[in-house]
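S.K.: Okay, so here is input19.cif, and as you'll see once you scroll down, it has mmCIF, C-alpha atoms (C1' of nucleotides).
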```cif
data_data
loop_
_atom_site.label_atom_id
_atom_site.label_comp_id
_atom_site.auth_asym_id
_atom_site.auth_seq_id
_atom_site.Cartn_x
_atom_site.Cartn_y
_atom_site.Cartn_z
CA MET V 130 39.75 -19.79 19.11
CA PRO V 131 36.13 -18.75 19.07
CA GLU V 132 35.47 -16.37 16.18
CA LEU V 133 32.20 -15.32 14.60
CA PRO V 134 31.01 -18.82 13.54
CA GLU V 135 31.95 -20.38 16.87
CA VAL V 136 30.36 -17.61 18.93
CA GLU V 137 27.26 -17.71 16.73
CA THR V 138 27.02 -21.48 17.21
CA ILE V 139 27.18 -21.07 20.98
CA ARG V 140 24.66 -18.23 20.81
CA ARG V 141 22.14 -20.39 18.98
CA GLN V 142 22.60 -23.28 21.39
CA LEU V 143 22.12 -21.03 24.40
CA GLN V 144 19.14 -19.35 22.76
CA ARG V 145 17.53 -22.75 22.28
CA ASN V 146 18.26 -24.03 25.79
CA ILE V 147 18.31 -21.27 28.38
CA VAL V 148 15.82 -18.62 27.24
CA ASN V 149 13.03 -18.17 29.79
CA LYS V 150 15.03 -20.14 32.33
CA LYS V 151 15.48 -18.60 35.74
CA ILE V 152 18.97 -18.24 37.19
CA ASN V 153 18.57 -19.73 40.65
CA ASP V 154 22.17 -19.30 41.72
CA VAL V 155 25.54 -18.06 40.54
CA VAL V 156 28.73 -19.68 41.80
CA VAL V 157 31.87 -17.61 41.27
CA ARG V 158 35.03 -19.65 41.74
CA TRP V 159 37.42 -17.09 40.25
CA GLY V 160 36.32 -13.48 39.94
CA LYS V 161 39.30 -11.58 38.61
CA ARG V 162 37.85 -11.17 35.11
CA LEU V 163 34.34 -10.49 36.28
CA GLU V 164 32.67 -7.09 36.56
CA PRO V 165 31.38 -5.57 38.75
CA SER V 166 32.57 -7.15 42.00
CA ARG V 167 31.69 -10.76 42.75
CA SER V 168 28.97 -9.83 45.28
CA LYS V 169 27.32 -7.21 43.07
CA PHE V 170 27.43 -9.56 40.10
CA ILE V 171 25.72 -12.35 42.00
CA GLU V 172 23.21 -10.01 43.60
CA ASN V 173 22.09 -8.62 40.23
CA VAL V 174 21.98 -11.91 38.34
CA LYS V 175 20.45 -14.27 40.89
CA GLY V 176 16.70 -14.67 40.47
CA ARG V 177 16.62 -13.11 36.98
CA THR V 178 15.38 -14.89 33.88
CA VAL V 179 17.29 -15.16 30.61
CA LYS V 180 15.35 -13.30 27.92
CA SER V 181 17.56 -13.53 24.83
CA ILE V 182 21.14 -13.95 23.63
CA GLU V 183 22.68 -11.62 21.07
CA ARG V 184 26.04 -11.49 19.34
CA ARG V 185 28.06 -8.58 17.96
CA GLY V 186 31.33 -9.65 16.37
CA LYS V 187 32.81 -12.09 18.88
CA LEU V 188 31.00 -10.50 21.81
CA LEU V 189 28.02 -12.29 23.38
CA ARG V 190 25.27 -10.45 25.20
CA ILE V 191 22.93 -12.34 27.52
CA ASN V 192 19.86 -10.21 28.23
CA LEU V 193 18.13 -10.67 31.57
CA SER V 194 14.58 -9.98 32.71
CA SER V 195 15.81 -7.00 34.73
CA GLY V 196 16.91 -5.28 31.52
CA TRP V 197 20.54 -5.80 32.48
CA SER V 198 22.95 -7.77 30.28
CA ILE V 199 25.87 -10.09 30.87
CA PHE V 200 28.56 -9.62 28.23
CA VAL V 201 30.86 -12.56 27.56
CA HIS V 202 34.06 -12.45 25.52
CA LEU V 203 35.65 -15.87 25.13
CA LYS V 204 38.95 -14.56 23.69
CA MET V 205 41.32 -17.52 23.13
CA THR V 206 40.16 -20.44 25.20
CA GLY V 207 36.86 -19.44 26.75
CA LYS V 208 33.88 -21.79 26.74
CA LEU V 209 30.24 -21.58 27.70
CA ILE V 210 29.02 -25.12 28.25
CA LEU V 211 25.58 -26.52 28.95
CA LYS V 212 25.98 -29.23 31.58
CA ARG V 213 23.36 -31.33 33.28
CA THR V 214 22.08 -29.71 36.45
CA GLY V 215 24.45 -30.22 39.34
CA THR V 216 27.52 -31.20 37.28
CA GLU V 217 30.68 -30.51 39.29
CA PRO V 218 33.01 -27.75 38.10
CA THR V 219 36.41 -28.64 36.64
CA LYS V 220 39.82 -27.13 37.31
CA HIS V 221 39.15 -24.29 34.88
CA THR V 222 35.49 -23.60 35.65
CA HIS V 223 35.32 -19.99 36.83
CA VAL V 224 31.57 -19.37 37.07
CA VAL V 225 28.53 -21.67 37.17
CA PHE V 226 25.03 -20.36 36.44
CA LYS V 227 22.49 -22.70 38.02
CA LEU V 228 19.28 -22.61 36.02
CA ASN V 229 15.79 -24.01 36.10
CA GLY V 230 15.44 -26.97 33.75
CA LYS V 231 17.97 -29.52 32.54
CA TYR V 232 21.13 -27.46 32.32
CA ASP V 233 23.54 -25.28 34.20
CA VAL V 234 25.85 -23.00 32.22
CA HIS V 235 29.55 -23.29 33.02
CA TRP V 236 32.05 -20.62 32.02
CA GLU V 237 35.49 -22.20 31.61
CA ASP V 238 38.69 -20.59 30.37
CA PHE V 239 42.04 -22.18 31.11
CA ARG V 240 44.02 -19.23 29.80
CA LYS V 241 41.86 -16.69 31.64
CA PHE V 242 41.87 -14.06 28.88
CA GLY V 243 38.08 -13.89 28.58
CA PHE V 244 35.72 -11.94 30.80
CA LEU V 245 32.15 -11.57 32.04
CA LYS V 246 30.73 -8.07 32.42
CA LEU V 247 27.33 -7.17 33.82
CA LEU V 248 25.83 -3.83 32.79
CA SER V 249 22.52 -2.00 33.04
CA LYS V 250 20.57 -1.51 29.81
CA GLU V 251 21.80 2.03 29.33
CA ASP V 252 25.44 1.17 30.04
CA ALA V 253 25.18 -1.98 27.93
CA ASP V 254 24.23 -0.11 24.77
CA LYS V 255 27.04 2.39 25.36
CA TYR V 256 29.44 -0.46 25.96
CA VAL V 257 28.66 -2.08 22.61
CA GLU V 258 29.13 1.32 20.95
CA SER V 259 32.50 1.73 22.62
CA TRP V 260 33.88 -1.26 20.73
CA ASN V 261 33.49 0.60 17.43
CA PHE V 262 32.79 -2.64 15.60
CA GLY V 263 32.67 -2.64 11.84
CA PRO V 264 29.64 -4.16 10.07
CA GLU V 265 28.39 -7.69 10.71
CA PRO V 266 29.72 -9.60 7.68
CA LEU V 267 26.55 -11.65 7.23
CA ASP V 268 24.17 -8.73 7.55
CA PRO V 269 22.62 -7.84 4.17
CA SER V 270 23.55 -4.21 4.83
CA PHE V 271 27.21 -5.20 4.64
CA THR V 272 27.90 -4.48 0.99
CA PHE V 273 31.03 -4.63 -1.12
CA SER V 274 31.10 -0.87 -1.47
CA LYS V 275 31.05 -0.46 2.32
CA PHE V 276 33.86 -2.97 2.69
CA LYS V 277 35.91 -1.26 -0.01
CA MET V 278 35.33 2.24 1.34
CA CYS V 279 36.39 1.29 4.83
CA LEU V 280 39.55 -0.49 3.68
CA ASN V 281 40.49 2.33 1.30
CA ALA V 282 40.83 4.62 4.31
CA TYR V 283 44.00 2.64 5.12
CA PRO V 284 45.84 2.39 1.78
CA ASN V 285 49.22 1.53 3.31
CA ALA V 286 48.00 -0.98 5.87
CA LYS V 287 48.58 -4.67 5.32
CA ILE V 288 45.42 -6.59 4.65
CA LYS V 289 45.72 -9.41 7.16
CA PRO V 290 46.32 -7.38 10.32
CA LYS V 291 43.54 -5.03 9.16
CA LEU V 292 41.05 -7.90 8.90
CA LEU V 293 41.81 -8.83 12.50
CA GLU V 294 41.05 -5.31 13.75
CA GLN V 295 37.22 -5.67 13.79
CA LYS V 296 37.07 -2.15 12.34
CA CYS V 297 36.00 -2.70 8.73
CA ILE V 298 34.36 -6.01 9.51
CA ALA V 299 33.44 -7.60 12.85
CA GLY V 300 34.00 -11.15 14.02
CA ILE V 301 37.01 -12.27 11.97
CA GLY V 302 39.92 -13.85 13.80
CA ASN V 303 43.03 -15.69 12.74
CA ILE V 304 41.32 -18.79 11.32
CA TYR V 305 38.92 -16.98 9.00
CA ALA V 306 41.35 -14.23 8.01
CA VAL V 307 43.82 -16.90 6.88
CA GLU V 308 41.14 -18.95 5.10
CA SER V 309 39.59 -15.96 3.33
CA LEU V 310 42.94 -14.68 2.05
CA TRP V 311 43.83 -18.15 0.76
CA SER V 312 40.51 -18.34 -1.05
CA ALA V 313 40.93 -14.89 -2.63
CA LYS V 314 44.60 -15.63 -3.44
CA ILE V 315 45.89 -12.56 -1.65
CA HIS V 316 49.23 -12.51 0.18
CA PRO V 317 48.58 -11.53 3.82
CA LEU V 318 51.17 -8.74 3.66
CA THR V 319 49.63 -7.04 0.60
CA GLN V 320 49.02 -3.35 1.16
CA ILE V 321 45.38 -2.48 0.68
CA LYS V 322 46.12 0.00 -2.12
CA ASP V 323 47.81 -2.80 -4.08
CA ILE V 324 44.81 -5.13 -4.08
CA PRO V 325 43.03 -4.93 -7.43
CA GLU V 326 39.26 -4.46 -7.36
CA ASP V 327 38.47 -7.96 -8.61
CA LYS V 328 40.57 -9.57 -5.88
CA LEU V 329 39.01 -7.38 -3.23
CA LYS V 330 35.62 -8.51 -4.49
CA LYS V 331 36.79 -12.11 -4.26
CA LEU V 332 37.89 -11.50 -0.69
CA PHE V 333 34.53 -9.97 0.19
CA GLN V 334 32.70 -12.95 -1.27
CA ALA V 335 35.08 -15.44 0.32
CA ILE V 336 34.53 -13.95 3.77
CA LYS V 337 30.74 -14.22 3.43
CA ARG V 338 30.84 -17.72 1.96
CA ILE V 339 33.36 -19.12 4.45
CA LEU V 340 31.65 -17.65 7.52
CA LYS V 341 28.27 -18.95 6.37
CA THR V 342 29.65 -22.43 5.71
CA ALA V 343 31.50 -22.44 9.03
CA ILE V 344 28.31 -21.53 10.92
CA ALA V 345 26.49 -24.36 9.15
CA ASP V 346 29.33 -26.65 10.26
CA GLY V 347 29.14 -25.46 13.86
CA GLY V 348 32.48 -23.64 13.72
CA THR V 349 36.07 -24.93 13.61
CA SER V 350 37.58 -27.19 16.27
CA ALA V 351 41.18 -26.57 15.28
CA ASP V 352 42.45 -25.32 18.61
CA ASN V 353 40.61 -25.57 21.89
CA TYR V 354 37.09 -24.97 20.64
CA PHE V 355 34.01 -27.05 21.40
CA ASP V 356 30.43 -25.84 21.23
CA ALA V 357 28.01 -25.44 24.15
CA HIS V 358 27.12 -29.15 23.99
CA GLY V 359 30.77 -30.20 23.83
CA GLY V 360 30.40 -30.86 20.09
CA GLU V 361 33.08 -30.50 17.45
CA GLY V 362 33.14 -27.68 14.87
CA LYS V 363 33.23 -29.54 11.55
CA TYR V 364 34.71 -26.71 9.49
CA VAL V 365 38.06 -27.99 10.77
CA TYR V 366 37.82 -30.59 7.93
CA LYS V 367 37.50 -27.84 5.31
CA LEU V 368 40.52 -25.75 6.27
CA LYS V 369 42.76 -24.91 3.32
CA ALA V 370 45.53 -22.88 4.97
CA TYR V 371 45.02 -22.47 8.71
CA LYS V 372 47.09 -25.13 10.51
CA GLN V 373 47.93 -26.62 7.10
CA GLU V 374 51.61 -25.57 7.03
CA GLY V 375 53.74 -28.29 5.48
CA LYS V 376 50.77 -29.77 3.64
CA PRO V 377 50.19 -29.34 -0.10
CA CYS V 378 48.02 -26.43 -1.17
CA ALA V 379 44.56 -27.71 -2.24
CA ASN V 380 44.88 -25.54 -5.32
CA CYS V 381 48.45 -26.00 -6.60
CA LYS V 382 50.13 -28.64 -4.37
CA THR V 383 52.86 -26.22 -3.24
CA LYS V 384 53.62 -26.59 0.45
CA ILE V 385 51.69 -24.18 2.67
CA ILE V 386 54.06 -22.07 4.76
CA LYS V 387 53.60 -20.18 7.99
CA GLU V 388 55.20 -16.97 9.18
CA LYS V 389 54.63 -14.36 11.80
CA ILE V 390 52.75 -11.33 10.50
CA GLY V 391 51.79 -8.50 12.83
CA GLY V 392 52.86 -10.72 15.69
CA ARG V 393 50.43 -13.48 14.68
CA GLY V 394 51.02 -16.83 13.04
CA THR V 395 49.87 -16.69 9.43
CA ALA V 396 49.69 -19.62 7.02
CA TYR V 397 49.43 -19.14 3.25
CA CYS V 398 50.39 -20.63 -0.10
CA PRO V 399 53.55 -18.94 -1.41
CA LYS V 400 52.57 -19.73 -5.00
CA CYS V 401 48.85 -18.87 -5.05
CA GLN V 402 49.23 -15.88 -2.74
CA LYS V 403 52.05 -13.85 -4.24
CA LEU V 404 53.01 -10.40 -3.02
"C1'" DA Q 295 49.15 6.29 9.63
"C1'" DC Q 296 51.49 2.31 10.61
"C1'" DC Q 297 54.51 -0.84 13.22
"C1'" DT Q 298 56.40 -3.38 17.22
"C1'" DA Q 299 56.43 -5.11 21.76
"C1'" DA Q 300 54.41 -5.88 26.10
"C1'" DT Q 301 50.43 -7.37 28.79
"C1'" DC Q 302 46.99 -10.74 30.59
"C1'" DC Q 303 47.61 -16.70 31.35
"C1'" DT Q 304 48.37 -21.78 31.14
"C1'" DG Q 305 49.13 -26.02 28.47
"C1'" DC Q 306 52.16 -28.03 25.69
"C1'" DA Q 307 56.41 -28.89 23.14
"C1'" DT Q 308 61.24 -28.84 23.29
"C1'" DG Q 309 65.82 -29.58 25.09
"C1'" DC Q 310 69.21 -31.07 28.35
"C1'" DT K 294 61.92 -38.58 34.83
"C1'" DG K 295 61.87 -33.88 35.56
"C1'" DC K 296 62.94 -29.26 35.27
"C1'" DA K 297 63.59 -24.87 32.73
"C1'" DT K 298 62.42 -22.31 28.76
"C1'" DG K 299 59.63 -20.48 25.39
"C1'" DC K 300 55.79 -20.29 22.40
"C1'" DA K 301 50.74 -19.55 21.26
"C1'" DG K 302 47.30 -15.50 20.88
"C1'" DG K 303 42.38 -11.31 21.03
"C1'" DA K 304 42.48 -6.97 22.08
"C1'" DT K 305 44.54 -3.03 24.18
"C1'" DT K 306 48.21 0.11 25.21
"C1'" DA K 307 52.57 2.47 24.99
"C1'" DG K 308 56.21 4.13 22.38
"C1'" DG K 309 58.74 4.81 17.93
#
```
What is this structure when it is put down as structure tokens?
M.R.:
Amino acid sequence: MPELPEVETIRRQLQRNIVNKKINDVVVRWGKRLEPSRSKFIENVKGRTVKSIERRGKLLRINLSSGWSIFVHLKMTGKLILKRTGTEPTKHTHVVFKLNGKYDVHWEDFRKFGFLKLLSKEDADKYVESWNFGPEPLDPSFTFSKFKMCLNAYPNAKIKPKLLEQKCIAGIGNIYAVESLWSAKIHPLTQIKDIPEDKLKKLFQAIKRILKTAIADGGTSADNYFDAHGGEGKYVYKLKAYKQEGKPCANCKTKIIKEKIGGRGTAYCPKCQKL
DNA sequence: ACCTAATCCTGCATGC
DNA sequence: TGCATGCAGGATTAGG
């Protein structure tokens, strides 16, 4: 599933390949998760030029020459793929942006959870606000004291579901929540008030380190993810807990186990990550 | 404040 | 072989 490192990888690839390219045509093959209506979307995108691509958490924002923005959330199985001009859509291609230059951009999503949303500049800024994202974990302004203060507002909450909430920190999903907790040796069900300061610090550092490494590796192709060039996310070879159930813990050789926590599959080492 | 379950959807694994 | 069932989950929402 695309999380911060995967979305950032796609953002960089789009930034490199479609900025200053004109959108000559938009083909909508399935418009249920597209706003506004199909005709208004096409009308307001066609003929515009891509100016820049931004990311906030897992949300992508494609800024157009008109000042309007297309927001893209890939959710579970969404993809934005650069394909040679004129490449035919596949079964799960929902929208094709036909651009000047070498590439078209195809939006594919076989599970159809993701969405595209076109908004004017004014509405776009409000829309980003409405998400109430926590800080960007790789922004220098994201400090340990900010992280700690935000979490301490929820002393009885369990750490893992809280990390997935985007509220104290933006962009973390199941893969990186599981990996960060393994690295900091914290049981995913630990209540925030029961995490000692030094372990919380370890968690903070693990999140930064793991996300940075994963971006450098082009994300994690553990589920359905491939980058905008169809490339593999190499962090999949560095996973220590996610999808490692049944395998020996890299730290202590105990078998990694998996259980459902907050309705989500959660892998951890029962020996290193004690409650 | 905190938890659970349902919702959106399809591919894939399982079982008979 | 093929058909039915159920599981997976990011984010939101409803209800306890």
S.K.: What do you get, as a ChimeraX atom specification, if you spell out every residue that the PyMOL selection byres ((chain Q and resi 300) around 9) selects here?
M.R.: /Q:299,301 /K:306-307
S.K.: Which residues fall under the PyMOL selection byres ((chain K and resi 296) around 12) in this file, as a tab-separated table (two decimals) with C-alpha atoms (C1' of nucleotides), in the frame of the given file?
M.R.:
```tsv
chain	number	residue	atom	x	y	z
Q	309	DG	C1'	65.82	-29.58	25.09
Q	310	DC	C1'	69.21	-31.07	28.35
K	294	DT	C1'	61.92	-38.58	34.83
K	295	DG	C1'	61.87	-33.88	35.56
K	297	DA	C1'	63.59	-24.87	32.73
K	298	DT	C1'	62.42	-22.31	28.76
```
S.K.: Care to translate the PyMOL selection byres ((chain V) within 12 of (chain K)) into actual residues of this file, as number ranges by chain?
M.R.: V: 130-132, 187-188, 202-207, 240-244, 260, 293-295, 300-304, 352-353, 389, 391-395
S.K.: Mind dumping the selected residues with C-alpha atoms as a PDB file, keeping the file's coordinate frame?
M.R.:
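Ended up saving to selection_11.pdb:
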```pdb
ATOM      1  CA  MET V 130      39.750 -19.790  19.110  1.00  0.00           C
ATOM      2  CA  PRO V 131      36.130 -18.750  19.070  1.00  0.00           C
ATOM      3  CA  GLU V 132      35.470 -16.370  16.180  1.00  0.00           C
ATOM      4  CA  LYS V 187      32.810 -12.090  18.880  1.00  0.00           C
ATOM      5  CA  LEU V 188      31.000 -10.500  21.810  1.00  0.00           C
ATOM      6  CA  HIS V 202      34.060 -12.450  25.520  1.00  0.00           C
ATOM      7  CA  LEU V 203      35.650 -15.870  25.130  1.00  0.00           C
ATOM      8  CA  LYS V 204      38.950 -14.560  23.690  1.00  0.00           C
ATOM      9  CA  MET V 205      41.320 -17.520  23.130  1.00  0.00           C
ATOM     10  CA  THR V 206      40.160 -20.440  25.200  1.00  0.00           C
ATOM     11  CA  GLY V 207      36.860 -19.440  26.750  1.00  0.00           C
ATOM     12  CA  ARG V 240      44.020 -19.230  29.800  1.00  0.00           C
ATOM     13  CA  LYS V 241      41.860 -16.690  31.640  1.00  0.00           C
ATOM     14  CA  PHE V 242      41.870 -14.060  28.880  1.00  0.00           C
ATOM     15  CA  GLY V 243      38.080 -13.890  28.580  1.00  0.00           C
ATOM     16  CA  PHE V 244      35.720 -11.940  30.800  1.00  0.00           C
ATOM     17  CA  TRP V 260      33.880  -1.260  20.730  1.00  0.00           C
ATOM     18  CA  LEU V 293      41.810  -8.830  12.500  1.00  0.00           C
ATOM     19  CA  GLU V 294      41.050  -5.310  13.750  1.00  0.00           C
ATOM     20  CA  GLN V 295      37.220  -5.670  13.790  1.00  0.00           C
ATOM     21  CA  GLY V 300      34.000 -11.150  14.020  1.00  0.00           C
ATOM     22  CA  ILE V 301      37.010 -12.270  11.970  1.00  0.00           C
ATOM     23  CA  GLY V 302      39.920 -13.850  13.800  1.00  0.00           C
ATOM     24  CA  ASN V 303      43.030 -15.690  12.740  1.00  0.00           C
ATOM     25  CA  ILE V 304      41.320 -18.790  11.320  1.00  0.00           C
ATOM     26  CA  ASP V 352      42.450 -25.320  18.610  1.00  0.00           C
ATOM     27  CA  ASN V 353      40.610 -25.570  21.890  1.00  0.00           C
ATOM     28  CA  LYS V 389      54.630 -14.360  11.800  1.00  0.00           C
ATOM     29  CA  GLY V 391      51.790  -8.500  12.830  1.00  0.00           C
ATOM     30  CA  GLY V 392      52.860 -10.720  15.690  1.00  0.00           C
ATOM     31  CA  ARG V 393      50.430 -13.480  14.680  1.00  0.00           C
ATOM     32  CA  GLY V 394      51.020 -16.830  13.040  1.00  0.00           C
ATOM     33  CA  THR V 395      49.870 -16.690   9.430  1.00  0.00           C
TER      34      THR V 395
END
```
S.K.: Would you kindly report the residues of chain Q within 12 Å of chain V, using only C-alpha atoms (C1' of nucleotides), as an mmCIF file with C-alpha atoms (C1' of nucleotides), keeping the file's coordinate frame?
M.R.:
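Result written to selection-v1.cif:
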```cif
data_model
loop_
_atom_site.group_PDB
_atom_site.id
_atom_site.type_symbol
_atom_site.label_atom_id
_atom_site.label_comp_id
_atom_site.auth_asym_id
_atom_site.auth_seq_id
_atom_site.Cartn_x
_atom_site.Cartn_y
_atom_site.Cartn_z
ATOM 1 C "C1'" DA Q 295 49.150 6.290 9.630
ATOM 2 C "C1'" DC Q 296 51.490 2.310 10.610
ATOM 3 C "C1'" DC Q 297 54.510 -0.840 13.220
ATOM 4 C "C1'" DT Q 298 56.400 -3.380 17.220
ATOM 5 C "C1'" DA Q 299 56.430 -5.110 21.760
ATOM 6 C "C1'" DA Q 300 54.410 -5.880 26.100
ATOM 7 C "C1'" DT Q 301 50.430 -7.370 28.790
ATOM 8 C "C1'" DC Q 302 46.990 -10.740 30.590
ATOM 9 C "C1'" DC Q 303 47.610 -16.700 31.350
ATOM 10 C "C1'" DT Q 304 48.370 -21.780 31.140
ATOM 11 C "C1'" DG Q 305 49.130 -26.020 28.470
#
```
S.K.: Could you tell me how far atom CA of V:Val365 lies from atom CA of V:Val307, in Å and to one decimal?
M.R.: 13.1 Å
S.K.: What is the distance, in Å and to one decimal place, between atom CA of V:Lys328 and atom CA of V:Arg185?
M.R.: 26.9 Å
S.K.: At what distance in Å, to one decimal, does atom CA of V:Cys401 lie from atom CA of V:Pro264?
M.R.: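 Atom-to-atom, atom CA of V:Pro264 to atom CA of V:Cys401, that is 28.5 Å.
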S.K.: From the options V:Tyr256, V:Trp197, V:Tyr397, V:Phe355, which residue's atoms come nearest to V:Glu374, counting all atoms listed in the file?
M.R.: V:Tyr397
S.K.: May I ask which of the residues V:Lys151, V:Arg213, V:Lys250, V:His316 is the closest one to V:Tyr232, counting only C-alpha atoms?
M.R.: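 For V:Tyr232, the nearest of the given residues is V:Arg213.
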S.K.: Skipping near chain neighbours, those fewer than 2 positions away, what residues fall within 8 Å of V:Ile385 using all atoms listed in the file, listed as number ranges by chain?
M.R.: V: 370, 373-378, 383, 387, 396-399
